[in-house]
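The file work23.cif comes next; it holds mmCIF, C-alpha atoms.
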```cif
data_input
loop_
_atom_site.label_atom_id
_atom_site.label_comp_id
_atom_site.auth_asym_id
_atom_site.auth_seq_id
_atom_site.Cartn_x
_atom_site.Cartn_y
_atom_site.Cartn_z
CA MET A 6 -48.59 -21.98 -1.45
CA ALA A 7 -46.44 -25.01 -0.81
CA ASP A 8 -45.89 -24.21 2.86
CA PRO A 9 -48.11 -21.47 4.34
CA PHE A 10 -45.89 -21.09 7.40
CA ASP A 11 -42.47 -20.37 5.90
CA THR A 12 -40.92 -16.92 5.69
CA PRO A 13 -41.08 -16.45 1.88
CA ALA A 14 -44.78 -17.34 1.90
CA LEU A 15 -45.42 -14.85 4.71
CA VAL A 16 -43.60 -12.11 2.79
CA ALA A 17 -45.62 -12.97 -0.31
CA SER A 18 -48.89 -12.75 1.64
CA LEU A 19 -47.97 -9.26 2.85
CA THR A 20 -47.20 -8.05 -0.70
CA LEU A 21 -50.31 -6.96 -2.57
CA GLU A 22 -51.41 -7.22 -6.18
CA GLU A 23 -52.29 -3.86 -7.72
CA THR A 24 -55.63 -4.02 -9.57
CA GLY A 25 -56.20 -0.33 -10.34
CA PRO A 26 -55.35 3.20 -9.20
CA ASP A 27 -54.88 3.01 -5.40
CA ARG A 28 -56.67 -0.36 -5.38
CA PHE A 29 -55.09 -3.68 -4.36
CA VAL A 30 -55.93 -7.31 -3.58
CA GLY A 31 -54.38 -9.39 -0.82
CA ARG A 32 -54.44 -13.11 -0.04
CA SER A 33 -54.50 -14.68 3.40
CA VAL A 34 -52.46 -17.28 5.23
CA ASP A 35 -54.84 -19.27 7.43
CA LEU A 36 -53.19 -19.82 10.83
CA GLY A 37 -55.68 -22.57 11.58
CA TRP A 38 -58.73 -20.63 12.74
CA GLY A 39 -60.47 -19.83 9.44
CA SER A 40 -60.49 -16.09 10.16
CA ILE A 41 -57.92 -13.54 9.02
CA PHE A 42 -55.17 -12.89 11.57
CA GLY A 43 -55.32 -9.23 12.60
CA GLY A 44 -51.60 -8.67 12.10
CA GLN A 45 -51.92 -9.80 8.50
CA VAL A 46 -54.49 -7.19 7.48
CA LEU A 47 -52.51 -4.55 9.42
CA ALA A 48 -49.43 -5.33 7.35
CA GLN A 49 -51.36 -5.52 4.08
CA ALA A 50 -53.00 -2.16 4.71
CA LEU A 51 -49.58 -0.68 5.45
CA ASP A 52 -48.28 -2.06 2.15
CA ALA A 53 -51.22 -0.51 0.30
CA ALA A 54 -50.65 2.91 1.88
CA GLU A 55 -46.89 2.79 1.31
CA ARG A 56 -47.41 2.08 -2.40
CA THR A 57 -48.87 5.60 -2.75
CA VAL A 58 -46.10 7.47 -0.87
CA PRO A 59 -42.46 8.11 -1.92
CA ALA A 60 -39.97 5.78 -0.22
CA GLU A 61 -38.05 8.73 1.24
CA ARG A 62 -41.12 9.53 3.37
CA PRO A 63 -41.51 6.43 5.64
CA VAL A 64 -44.52 5.69 7.84
CA HIS A 65 -44.26 6.83 11.45
CA ALA A 66 -47.76 6.03 12.76
CA MET A 67 -50.66 3.72 11.96
CA HIS A 68 -54.06 3.60 13.68
CA ALA A 69 -56.46 0.82 12.70
CA TRP A 70 -59.93 -0.48 13.50
CA PHE A 71 -61.15 -4.06 13.06
CA LEU A 72 -64.76 -3.85 11.88
CA ARG A 73 -65.76 -7.41 11.00
CA ARG A 74 -64.30 -10.91 11.11
CA GLY A 75 -62.38 -11.60 7.90
CA ASP A 76 -62.57 -14.90 6.01
CA ALA A 77 -59.08 -16.33 5.42
CA ARG A 78 -60.34 -18.30 2.42
CA ALA A 79 -61.42 -15.20 0.46
CA PRO A 80 -59.32 -12.40 -1.08
CA VAL A 81 -59.26 -8.96 0.52
CA THR A 82 -59.75 -5.77 -1.49
CA LEU A 83 -57.85 -2.73 -0.19
CA GLU A 84 -58.57 0.83 -1.33
CA VAL A 85 -56.40 3.84 -0.47
CA GLU A 86 -57.67 7.37 -0.04
CA ARG A 87 -55.04 10.10 -0.49
CA VAL A 88 -56.08 12.37 2.37
CA ARG A 89 -53.15 14.81 2.45
CA ASP A 90 -49.74 15.45 0.88
CA GLY A 91 -48.03 18.18 2.89
CA GLY A 92 -44.54 19.65 2.97
CA SER A 93 -43.31 17.14 5.57
CA PHE A 94 -46.25 14.83 6.30
CA THR A 95 -48.48 12.61 4.20
CA THR A 96 -51.75 11.00 5.33
CA ARG A 97 -53.45 7.97 3.81
CA ARG A 98 -56.65 6.15 4.72
CA VAL A 99 -57.06 2.46 3.84
CA ARG A 100 -60.23 0.38 3.77
CA ALA A 101 -60.12 -3.42 3.49
CA SER A 102 -63.28 -5.19 2.32
CA GLN A 103 -64.69 -8.63 1.63
CA GLY A 104 -68.05 -7.56 0.23
CA ALA A 105 -68.48 -5.39 3.34
CA PRO A 106 -65.70 -3.42 5.11
CA ILE A 107 -63.71 -5.54 7.56
CA PHE A 108 -60.96 -3.07 8.48
CA GLU A 109 -59.98 0.61 8.26
CA ALA A 110 -56.68 2.36 8.97
CA SER A 111 -55.09 5.78 8.89
CA CYS A 112 -51.36 6.01 8.20
CA SER A 113 -49.10 9.03 8.61
CA PHE A 114 -45.77 9.41 6.81
CA GLN A 115 -42.99 11.92 7.46
CA THR A 116 -39.88 13.05 5.63
CA VAL A 117 -36.82 11.91 7.60
CA GLU A 118 -35.36 14.77 9.63
CA PRO A 119 -33.09 15.28 12.67
CA GLY A 120 -34.51 16.23 16.07
CA LEU A 121 -34.37 15.84 19.84
CA ASP A 122 -33.75 12.24 20.82
CA HIS A 123 -34.52 10.34 24.04
CA GLN A 124 -36.25 7.08 24.95
CA ALA A 125 -37.45 4.85 27.80
CA ALA A 126 -34.80 2.36 28.87
CA ALA A 127 -35.12 -1.27 27.84
CA PRO A 128 -35.97 -3.74 30.62
CA ASP A 129 -33.22 -5.95 32.01
CA VAL A 130 -34.24 -9.47 30.91
CA PRO A 131 -32.43 -12.64 29.79
CA GLY A 132 -31.37 -12.60 26.15
CA PRO A 133 -32.97 -14.95 23.62
CA ASP A 134 -29.99 -17.30 23.65
CA ASP A 135 -30.33 -17.70 27.44
CA LEU A 136 -33.94 -18.87 27.37
CA PRO A 137 -34.93 -22.57 27.39
CA PRO A 138 -36.84 -24.13 24.49
CA PRO A 139 -40.65 -24.13 24.66
CA ARG A 140 -42.15 -26.65 27.05
CA PRO A 141 -43.74 -29.78 25.55
CA TYR A 142 -47.52 -29.84 25.48
CA PRO A 143 -49.22 -32.19 27.97
CA PRO A 144 -50.49 -35.54 26.65
CA GLY A 145 -54.11 -36.08 25.74
CA LEU A 146 -54.75 -32.86 23.82
CA PRO A 147 -56.98 -33.02 20.72
CA ALA A 148 -54.90 -33.65 17.60
CA ALA A 149 -56.21 -30.52 15.86
CA LEU A 150 -55.12 -28.34 18.79
CA VAL A 151 -51.67 -29.94 18.92
CA GLN A 152 -51.29 -29.29 15.19
CA ARG A 153 -52.12 -25.60 15.65
CA LEU A 154 -49.87 -25.16 18.66
CA SER A 155 -46.89 -26.92 17.12
CA ALA A 156 -47.20 -25.72 13.51
CA ARG A 157 -44.05 -24.30 11.97
CA THR A 158 -44.20 -20.51 11.92
CA PRO A 159 -42.18 -17.84 10.08
CA ILE A 160 -41.83 -15.88 13.35
CA GLU A 161 -39.66 -17.32 16.12
CA MET A 162 -40.79 -16.26 19.61
CA ARG A 163 -39.04 -16.88 22.92
CA VAL A 164 -41.07 -15.87 25.97
CA VAL A 165 -39.07 -14.68 28.98
CA ASP A 166 -41.55 -16.06 31.56
CA PRO A 167 -44.02 -18.31 29.74
CA VAL A 168 -47.61 -18.83 30.89
CA ASP A 169 -48.89 -22.39 31.27
CA LEU A 170 -51.83 -22.34 28.85
CA PHE A 171 -53.50 -25.26 30.59
CA ARG A 172 -52.82 -24.44 34.25
CA PRO A 173 -52.51 -20.65 34.39
CA GLU A 174 -51.69 -18.85 37.62
CA ARG A 175 -52.59 -15.27 38.52
CA ARG A 176 -49.79 -12.89 37.64
CA PRO A 177 -49.44 -9.24 36.59
CA ALA A 178 -50.50 -8.29 33.07
CA ALA A 179 -46.94 -8.13 31.74
CA ARG A 180 -45.15 -10.24 29.15
CA ARG A 181 -41.78 -10.01 27.44
CA VAL A 182 -41.09 -11.88 24.22
CA TRP A 183 -38.07 -12.00 21.92
CA ILE A 184 -39.19 -12.07 18.27
CA ARG A 185 -37.52 -12.48 14.88
CA THR A 186 -38.16 -14.10 11.51
CA THR A 187 -36.89 -17.64 11.13
CA GLU A 188 -35.10 -16.76 7.88
CA PRO A 189 -33.15 -13.70 6.66
CA ILE A 190 -35.19 -10.87 5.09
CA ALA A 191 -34.24 -8.58 2.23
CA ASP A 192 -32.68 -5.22 3.09
CA ASP A 193 -35.96 -3.33 2.64
CA PRO A 194 -36.98 -1.11 5.60
CA ALA A 195 -40.62 -0.98 4.45
CA LEU A 196 -40.80 -4.79 4.43
CA HIS A 197 -39.39 -4.97 7.97
CA ARG A 198 -42.01 -2.45 9.11
CA ARG A 199 -44.79 -4.55 7.57
CA LEU A 200 -43.43 -7.67 9.24
CA LEU A 201 -43.33 -5.91 12.61
CA ALA A 202 -46.93 -4.76 12.13
CA TYR A 203 -47.83 -8.40 11.46
CA THR A 204 -45.89 -9.71 14.47
CA SER A 205 -47.12 -7.03 16.87
CA ASP A 206 -50.49 -8.81 17.13
CA PHE A 207 -48.92 -11.91 18.72
CA HIS A 208 -48.76 -12.20 22.54
CA PHE A 209 -50.67 -8.94 22.80
CA LEU A 210 -54.31 -8.96 23.94
CA THR A 211 -53.79 -12.28 25.76
CA THR A 212 -51.43 -10.51 28.18
CA SER A 213 -54.49 -8.89 29.78
CA LEU A 214 -55.79 -12.34 30.80
CA GLN A 215 -52.92 -13.08 33.18
CA PRO A 216 -54.32 -11.34 36.32
CA HIS A 217 -57.45 -13.51 35.98
CA ALA A 218 -55.73 -16.92 35.66
CA VAL A 219 -57.36 -17.65 32.31
CA THR A 220 -55.94 -18.14 28.81
CA TRP A 221 -57.29 -18.08 25.27
CA LEU A 222 -57.94 -21.83 25.70
CA THR A 223 -60.33 -21.29 28.65
CA PRO A 224 -63.82 -22.56 27.64
CA GLY A 225 -66.34 -19.81 27.02
CA LEU A 226 -63.75 -17.04 26.67
CA HIS A 227 -64.04 -14.91 23.54
CA LEU A 228 -61.33 -12.47 22.43
CA ALA A 229 -61.37 -10.09 19.46
CA SER A 230 -59.20 -7.12 18.54
CA LEU A 231 -61.10 -3.84 18.25
CA ASP A 232 -58.32 -1.44 17.27
CA HIS A 233 -54.54 -1.41 16.93
CA SER A 234 -51.95 1.37 16.79
CA ILE A 235 -48.25 1.27 16.03
CA TRP A 236 -45.65 4.04 16.04
CA PHE A 237 -42.28 3.57 14.34
CA HIS A 238 -39.45 5.52 15.99
CA ARG A 239 -36.12 4.12 14.79
CA SER A 240 -34.74 1.77 12.15
CA PHE A 241 -34.63 -1.98 12.88
CA ARG A 242 -34.42 -5.41 11.31
CA LEU A 243 -36.87 -8.16 12.18
CA ASP A 244 -34.48 -10.90 11.10
CA ASP A 245 -32.45 -10.02 14.22
CA TRP A 246 -33.95 -10.37 17.68
CA LEU A 247 -36.32 -7.68 18.95
CA LEU A 248 -37.75 -7.58 22.48
CA TYR A 249 -41.52 -7.06 22.70
CA ASP A 250 -42.29 -5.64 26.16
CA VAL A 251 -46.08 -5.81 26.70
CA ASP A 252 -48.28 -4.71 29.60
CA GLY A 253 -52.03 -4.51 30.13
CA PRO A 254 -52.92 -1.53 32.35
CA SER A 255 -56.71 -2.01 32.32
CA ALA A 256 -59.57 -4.45 31.75
CA ALA A 257 -63.17 -3.38 32.33
CA GLY A 258 -66.58 -3.42 30.68
CA GLY A 259 -65.78 -6.43 28.50
CA ARG A 260 -62.72 -4.71 27.01
CA ALA A 261 -59.01 -4.69 27.78
CA LEU A 262 -56.19 -2.34 26.81
CA VAL A 263 -52.64 -3.49 26.15
CA GLN A 264 -49.49 -1.53 25.28
CA GLY A 265 -46.14 -2.64 23.91
CA ARG A 266 -42.62 -1.35 23.49
CA VAL A 267 -40.26 -2.89 20.94
CA TYR A 268 -36.49 -2.75 21.53
CA ASP A 269 -33.60 -4.06 19.45
CA ARG A 270 -30.75 -6.06 20.97
CA THR A 271 -28.77 -2.91 21.79
CA GLY A 272 -31.67 -1.45 23.79
CA ARG A 273 -32.88 1.08 21.18
CA LEU A 274 -36.63 1.69 21.35
CA VAL A 275 -37.75 1.12 17.75
CA ALA A 276 -41.56 1.06 18.02
CA LEU A 277 -44.56 1.42 20.33
CA THR A 278 -47.91 -0.37 20.05
CA ALA A 279 -51.35 -0.25 21.65
CA GLN A 280 -54.53 -2.26 21.26
CA GLU A 281 -57.99 -2.42 22.78
CA GLY A 282 -59.81 -5.72 22.50
CA LEU A 283 -63.01 -7.45 23.41
CA ILE A 284 -62.88 -10.00 26.24
CA ARG A 285 -66.10 -11.86 26.96
CA GLN A 286 -66.62 -14.91 29.11
CA THR A 287 -69.55 -16.14 27.06
CA LEU A 288 -69.72 -18.09 23.82
CA GLY A 289 -70.30 -16.08 20.67
CA SER A 290 -70.22 -12.33 20.15
CA ASN A 291 -72.70 -9.51 19.62
CA ARG A 292 -70.00 -7.22 18.27
#
```
As structure tokens:
Amino acid sequence: MADPFDTPALVASLTLEETGPDRFVGRSVDLGWGSIFGGQVLAQALDAAERTVPAERPVHAMHAWFLRRGDARAPVTLEVERVRDGGSFTTRRVRASQGAPIFEASCSFQTVEPGLDHQAAAPDVPGPDDLPPPRPYPPGLPAALVQRLSARTPIEMRVVDPVDLFRPERRPAARRVWIRTTEPIADDPALHRRLLAYTSDFHFLTTSLQPHAVTWLTPGLHLASLDHSIWFHRSFRLDDWLLYDVDGPSAAGGRALVQGRVYDRTGRLVALTAQEGLIRQTLGSNR
């Protein structure tokens, strides 16, 4: 790829190559850490499952488990199990492997139908155009870290009340972020769902660190996603601004739970997310 951080390259990485019946291969975009970004394998697994279901039956729920650290330099094999094809609902199970399984997911699809309709109200926050640009990073940081922090990304994010990564203060486990792709995306609802699955892993588990005045840059702190769920409620476009409203209701026993609500600019609730992750204040992991 000429530029691993532009929008077309991201879309390409989330589009799989079919290698056999219900079997696919995906490639990774390395975000600078050597391991596969959790949102990427979420989106790739969703693409694999969707390939086996008619387009008129869109996904409404996905529940996933991260089993092992993935290597961003190696391809990922994804296999789909056709669990159920019912009158209104379809269920698929996806396993992603790199020699050994690294990820599993269950996806549920439903025929579009009318029904009762209500939602939680969107929070009252400044719009994306009212927020200042990101703060410059302090001088003296290692060049490799500056490169990672300032790398061009296909997802634009504007945090309503940003955390100082280097001098964090104690604050509630709540974060609100406006998100969108940096370039227009094709009019393909399934692609926008995959892109939201990808983006939903940003600014998520780290929200649970805020009450403890630490960040992912704190020495000796180890974070890893254990599971991830996403529910799709209404149509949306990710090339227009969406508000990601995240809170972390609990951290205990070396794990933390975070939840998210995704609203469009008009205040429609389009998706819900949840994740439990590992938070250890020691180097390494026995996971």
I'd like the contact shell of A:Ala218 - 12 Å cut-off, only C-alpha atoms, skipping same-chain residues fewer than 4 positions apart - returned as a PDB file with C-alpha atoms, in the frame of the given file.
```
ATOM      1  CA  VAL A 168     -47.610 -18.830  30.890  1.00  0.00           C
ATOM      2  CA  ASP A 169     -48.890 -22.390  31.270  1.00  0.00           C
ATOM      3  CA  LEU A 170     -51.830 -22.340  28.850  1.00  0.00           C
ATOM      4  CA  PHE A 171     -53.500 -25.260  30.590  1.00  0.00           C
ATOM      5  CA  ARG A 172     -52.820 -24.440  34.250  1.00  0.00           C
ATOM      6  CA  PRO A 173     -52.510 -20.650  34.390  1.00  0.00           C
ATOM      7  CA  GLU A 174     -51.690 -18.850  37.620  1.00  0.00           C
ATOM      8  CA  ARG A 175     -52.590 -15.270  38.520  1.00  0.00           C
ATOM      9  CA  ARG A 176     -49.790 -12.890  37.640  1.00  0.00           C
ATOM     10  CA  PRO A 177     -49.440  -9.240  36.590  1.00  0.00           C
ATOM     11  CA  ALA A 178     -50.500  -8.290  33.070  1.00  0.00           C
ATOM     12  CA  THR A 211     -53.790 -12.280  25.760  1.00  0.00           C
ATOM     13  CA  THR A 212     -51.430 -10.510  28.180  1.00  0.00           C
ATOM     14  CA  SER A 213     -54.490  -8.890  29.780  1.00  0.00           C
ATOM     15  CA  LEU A 214     -55.790 -12.340  30.800  1.00  0.00           C
ATOM     16  CA  LEU A 222     -57.940 -21.830  25.700  1.00  0.00           C
ATOM     17  CA  THR A 223     -60.330 -21.290  28.650  1.00  0.00           C
TER      18      THR A 223
END
```
Quiz prompt | Matched chain/residue IDs from the PyMOL selection byres ((chain A and resi 77) around 12), as a PyMOL selection string | solution = chain A and resi 18+31-43+45-46+74-76+78-81+103+107
Leaving out A:Leu19 and any residue of its chain fewer than 4 positions from it, which residues lie within 12 Å of it when counting only C-alpha atoms, given as a PDB file with C-alpha atoms, in the coordinates of the input?
```
ATOM      1  CA  THR A  12     -40.920 -16.920   5.690  1.00  0.00           C
ATOM      2  CA  PRO A  13     -41.080 -16.450   1.880  1.00  0.00           C
ATOM      3  CA  ALA A  14     -44.780 -17.340   1.900  1.00  0.00           C
ATOM      4  CA  LEU A  15     -45.420 -14.850   4.710  1.00  0.00           C
ATOM      5  CA  PHE A  29     -55.090  -3.680  -4.360  1.00  0.00           C
ATOM      6  CA  VAL A  30     -55.930  -7.310  -3.580  1.00  0.00           C
ATOM      7  CA  GLY A  31     -54.380  -9.390  -0.820  1.00  0.00           C
ATOM      8  CA  ARG A  32     -54.440 -13.110  -0.040  1.00  0.00           C
ATOM      9  CA  SER A  33     -54.500 -14.680   3.400  1.00  0.00           C
ATOM     10  CA  VAL A  34     -52.460 -17.280   5.230  1.00  0.00           C
ATOM     11  CA  PHE A  42     -55.170 -12.890  11.570  1.00  0.00           C
ATOM     12  CA  GLY A  44     -51.600  -8.670  12.100  1.00  0.00           C
ATOM     13  CA  GLN A  45     -51.920  -9.800   8.500  1.00  0.00           C
ATOM     14  CA  VAL A  46     -54.490  -7.190   7.480  1.00  0.00           C
ATOM     15  CA  LEU A  47     -52.510  -4.550   9.420  1.00  0.00           C
ATOM     16  CA  ALA A  48     -49.430  -5.330   7.350  1.00  0.00           C
ATOM     17  CA  GLN A  49     -51.360  -5.520   4.080  1.00  0.00           C
ATOM     18  CA  ALA A  50     -53.000  -2.160   4.710  1.00  0.00           C
ATOM     19  CA  LEU A  51     -49.580  -0.680   5.450  1.00  0.00           C
ATOM     20  CA  ASP A  52     -48.280  -2.060   2.150  1.00  0.00           C
ATOM     21  CA  ALA A  53     -51.220  -0.510   0.300  1.00  0.00           C
ATOM     22  CA  VAL A  81     -59.260  -8.960   0.520  1.00  0.00           C
ATOM     23  CA  ALA A 195     -40.620  -0.980   4.450  1.00  0.00           C
ATOM     24  CA  LEU A 196     -40.800  -4.790   4.430  1.00  0.00           C
ATOM     25  CA  HIS A 197     -39.390  -4.970   7.970  1.00  0.00           C
ATOM     26  CA  ARG A 198     -42.010  -2.450   9.110  1.00  0.00           C
ATOM     27  CA  ARG A 199     -44.790  -4.550   7.570  1.00  0.00           C
ATOM     28  CA  LEU A 200     -43.430  -7.670   9.240  1.00  0.00           C
ATOM     29  CA  LEU A 201     -43.330  -5.910  12.610  1.00  0.00           C
ATOM     30  CA  ALA A 202     -46.930  -4.760  12.130  1.00  0.00           C
ATOM     31  CA  TYR A 203     -47.830  -8.400  11.460  1.00  0.00           C
ATOM     32  CA  THR A 204     -45.890  -9.710  14.470  1.00  0.00           C
TER      33      THR A 204
END
```
Quiz item: If you apply the PyMOL selection byres ((chain A and resi 269-275) around 12) to this file, what residues do you get, as an NGL selection string?
Solution: :A and (65 or 122-134 or 182-185 or 197-198 or 201 or 235-250 or 265-268 or 276-278)
Exercise. Select, from A:Val58, A:His217, A:Glu23, A:Asp11, the residue with the minimum atom-to-atom distance to A:Thr186, counting all atoms listed in the file.
Key: A:Asp11
Quiz item: Taking into account all atoms listed in the file, which residue in the set A:Leu121, A:Val16, A:Phe209, A:Asp193 is nearest to A:Pro159?
Solution: A:Val16
Quiz item: Skipping near chain neighbours, those fewer than 2 positions away, what residues fall within 6 Å of A:Thr95 using only C-alpha atoms, listed as a list in words?
Solution: Arg89, Asp90, Gly91, Ser113 and Phe114 of chain A
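Distance annotation: of A:Val263, A:Leu83, A:Ala60, A:Ala257, the residue with the minimal separation from A:Ser230 is A:Val263; atom set is all atoms listed in the file.
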Quiz item: What is the atom CA of A:Ala110 to atom CA of A:Leu228 distance in Å?
Solution: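 Answer for the atom CA of A:Ala110 to atom CA of A:Leu228 separation: 20.6 Å.
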Practice problem: Could you jot down the atom CA of A:Leu21 to atom CA of A:Phe108 separation for me, Å, one decimal place? | Solution: 15.8 Å
Quiz item: Using the chain letters and numbers from the file, which residues does the PyMOL selection byres ((chain A and resi 99) around 6) grab, as a ChimeraX atom specification?
Solution: /A:84-85,98,100,109-110
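Proximity ranking of A:Ala229, A:Val164, A:Ile190, A:Leu262 relative to A:Ala17 places A:Ile190 first, based on all atoms listed in the file.
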Self-check item: Selection: 9 Å around A:Ser111, all atoms listed in the file, excl. self and same-chain fewer than 4 positions, as a VMD selection string
Solution: chain A and resid 54 66 to 69 96 to 99
Take the point (-37.5, 6.1, 2.3) in the file's coordinates, draw a sphere of radius 9 Å around it, and report as a CSV table (one decimal) with C-alpha atoms, in the frame of the given file every protein, DNA or RNA residue with an atom inside or on it, counting only C-alpha atoms.
```
chain,number,residue,atom,x,y,z
A,59,PRO,CA,-42.5,8.1,-1.9
A,60,ALA,CA,-40.0,5.8,-0.2
A,61,GLU,CA,-38.0,8.7,1.2
A,62,ARG,CA,-41.1,9.5,3.4
A,63,PRO,CA,-41.5,6.4,5.6
A,64,VAL,CA,-44.5,5.7,7.8
A,116,THR,CA,-39.9,13.0,5.6
A,117,VAL,CA,-36.8,11.9,7.6
A,194,PRO,CA,-37.0,-1.1,5.6
A,195,ALA,CA,-40.6,-1.0,4.4
```
Practice problem: Pick out the closest residue to A:Glu55 from this set: A:Arg260, A:Arg87, A:Arg181, A:Arg73. Count only C-alpha atoms. | Solution: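 Closest candidate: A:Arg87.
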